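Shown next: run13.pdb, containing PDB, C-alpha atoms, pLDDT in the B column.
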MODEL        1
ATOM      1  CA  LYS H  97      43.661  16.653  37.273  1.00 66.00           C
ATOM      2  CA  GLY H  98      44.320  13.107  36.116  1.00 77.00           C
ATOM      3  CA  ALA H  99      46.986  12.466  38.777  1.00 85.00           C
ATOM      4  CA  SER H 100      47.725   9.021  40.137  1.00 92.00           C
ATOM      5  CA  LEU H 101      47.182   8.990  43.891  1.00 90.00           C
ATOM      6  CA  LYS H 102      46.996   5.196  43.930  1.00 91.00           C
ATOM      7  CA  ASP H 103      49.327   4.634  46.896  1.00 91.00           C
ATOM      8  CA  ALA H 104      49.010   8.050  48.558  1.00 93.00           C
ATOM      9  CA  ASN H 105      48.230   8.194  52.271  1.00 96.00           C
ATOM     10  CA  LEU H 106      45.628  10.958  52.529  1.00 94.00           C
ATOM     11  CA  GLY H 107      44.997  10.639  56.263  1.00 96.00           C
ATOM     12  CA  GLY H 108      44.170  14.104  57.606  1.00 94.00           C
ATOM     13  CA  VAL H 109      44.937  15.844  54.298  1.00 96.00           C
ATOM     14  CA  ASP H 110      42.890  18.959  53.429  1.00 98.00           C
ATOM     15  CA  LEU H 111      42.073  18.713  49.715  1.00 97.00           C
ATOM     16  CA  SER H 112      39.994  21.909  49.600  1.00 98.00           C
ATOM     17  CA  GLY H 113      39.887  23.403  46.118  1.00 98.00           C
ATOM     18  CA  ALA H 114      41.569  20.397  44.466  1.00 96.00           C
ATOM     19  CA  ASP H 115      40.485  19.201  41.025  1.00 96.00           C
ATOM     20  CA  LEU H 116      40.675  15.415  41.259  1.00 96.00           C
ATOM     21  CA  ARG H 117      38.543  14.633  38.212  1.00 96.00           C
ATOM     22  CA  GLY H 118      40.179  11.795  36.322  1.00 95.00           C
ATOM     23  CA  ALA H 119      42.562  11.062  39.202  1.00 95.00           C
ATOM     24  CA  ILE H 120      43.358   7.502  40.199  1.00 95.00           C
ATOM     25  CA  ILE H 121      41.974   7.613  43.733  1.00 96.00           C
ATOM     26  CA  THR H 122      39.661   5.423  45.792  1.00 96.00           C
ATOM     27  CA  GLN H 123      36.723   6.287  48.008  1.00 97.00           C
ATOM     28  CA  THR H 124      38.635   4.698  50.900  1.00 96.00           C
ATOM     29  CA  GLN H 125      41.460   7.215  50.418  1.00 97.00           C
ATOM     30  CA  LEU H 126      38.953  10.069  50.288  1.00 97.00           C
ATOM     31  CA  ASP H 127      37.312   8.817  53.481  1.00 98.00           C
ATOM     32  CA  TRP H 128      40.566   9.606  55.328  1.00 97.00           C
ATOM     33  CA  ALA H 129      40.857  13.111  53.828  1.00 98.00           C
ATOM     34  CA  CYS H 130      38.602  16.156  53.964  1.00 98.00           C
ATOM     35  CA  GLY H 131      37.889  19.250  51.902  1.00 98.00           C
ATOM     36  CA  THR H 132      35.415  21.656  50.370  1.00 98.00           C
ATOM     37  CA  ASN H 133      34.963  22.642  46.731  1.00 98.00           C
ATOM     38  CA  VAL H 134      36.777  19.461  45.656  1.00 98.00           C
ATOM     39  CA  GLU H 135      36.085  18.397  42.060  1.00 97.00           C
ATOM     40  CA  LEU H 136      35.585  14.614  41.976  1.00 97.00           C
ATOM     41  CA  ASP H 137      34.463  12.045  39.450  1.00 97.00           C
ATOM     42  CA  PRO H 138      30.838  10.872  39.777  1.00 98.00           C
ATOM     43  CA  GLY H 139      30.359   8.364  42.575  1.00 98.00           C
ATOM     44  CA  LEU H 140      33.133   9.760  44.777  1.00 98.00           C
ATOM     45  CA  SER H 141      32.610  12.027  47.777  1.00 98.00           C
ATOM     46  CA  ILE H 142      34.616  13.745  50.489  1.00 98.00           C
ATOM     47  CA  LYS H 143      33.632  15.088  53.897  1.00 98.00           C
ATOM     48  CA  PRO H 144      34.183  18.757  54.785  1.00 98.00           C
ATOM     49  CA  CYS H 145      37.093  19.581  57.088  1.00 96.00           C
ATOM     50  CA  PRO H 146      36.186  20.436  60.685  1.00 90.00           C
TER      51      PRO H 146
ENDMDL
END
Please, can you express the file's structure as structure tokens?
Amino acid sequence: KGASLKDANLGGVDLSGADLRGAIITQTQLDWACGTNVELDPGLSIKPCP
């Protein structure tokens, strides 16, 4: 929670169960990742993993 993921490459990363509220992360980064039960700030979304 509150982590800076500003320059992180999240391509193919499974973020299931992560609490990313308050994190410095962009929707573009999340678009490359996937996960379920991910806690995100309002306005951000993530697709479920296949």
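Ranking H:Ser141, H:Gly98, H:Asn133, H:Pro146 by their shortest atom-to-atom distance to H:Leu111, with all atoms listed in the file included, puts H:Asn133 first.
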>> Quick one: residues within 10 Å of H:Thr132, only C-alpha atoms, excluding same-chain residues fewer than 5 positions away - as number ranges by chain?
In response: H: 110-114, 142-145
> Quick one: residues within 9 Å of H:Ala99, only C-alpha atoms counted, chain neighbours fewer than 3 positions away excluded, as JSON, numbers by chain?
Replying inline: {"H": [102, 116, 117, 118, 119, 120, 121]}
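For the atom pair formed by atom CA of H:Gly139 and atom CA of H:Leu106, the distance is 18.4 Å, given to one decimal.
Matched in the shown structure by the PyMOL selection byres ((chain H and resi 127) around 10): H:Leu106, H:Gly107, H:Gly108, H:Thr122, H:Gln123, H:Thr124, H:Gln125, H:Leu126, H:Trp128, H:Ala129, H:Cys130, H:Leu140, H:Ser141, H:Ile142, H:Lys143.
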Would you save the residues from that selection as a JSON list (two decimals), in the frame of the given file, using C-alpha atoms?
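Final output, part23.json:
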[["chain", "number", "residue", "atom", "x", "y", "z"],
["H", 106, "LEU", "CA", 45.63, 10.96, 52.53],
["H", 107, "GLY", "CA", 45.00, 10.64, 56.26],
["H", 108, "GLY", "CA", 44.17, 14.10, 57.61],
["H", 122, "THR", "CA", 39.66, 5.42, 45.79],
["H", 123, "GLN", "CA", 36.72, 6.29, 48.01],
["H", 124, "THR", "CA", 38.64, 4.70, 50.90],
["H", 125, "GLN", "CA", 41.46, 7.22, 50.42],
["H", 126, "LEU", "CA", 38.95, 10.07, 50.29],
["H", 128, "TRP", "CA", 40.57, 9.61, 55.33],
["H", 129, "ALA", "CA", 40.86, 13.11, 53.83],
["H", 130, "CYS", "CA", 38.60, 16.16, 53.96],
["H", 140, "LEU", "CA", 33.13, 9.76, 44.78],
["H", 141, "SER", "CA", 32.61, 12.03, 47.78],
["H", 142, "ILE", "CA", 34.62, 13.74, 50.49],
["H", 143, "LYS", "CA", 33.63, 15.09, 53.90]]
Could you write out as lines of an AutoDock Vina configuration file the box around stretch 116-133 of chain H (axis-aligned, all atoms listed in the file, 3 Å on each side), with centre and edge lengths in Å to one decimal?
center_x = 39.2
center_y = 13.7
center_z = 45.8
size_x = 14.4
size_y = 23.9
size_z = 25.0
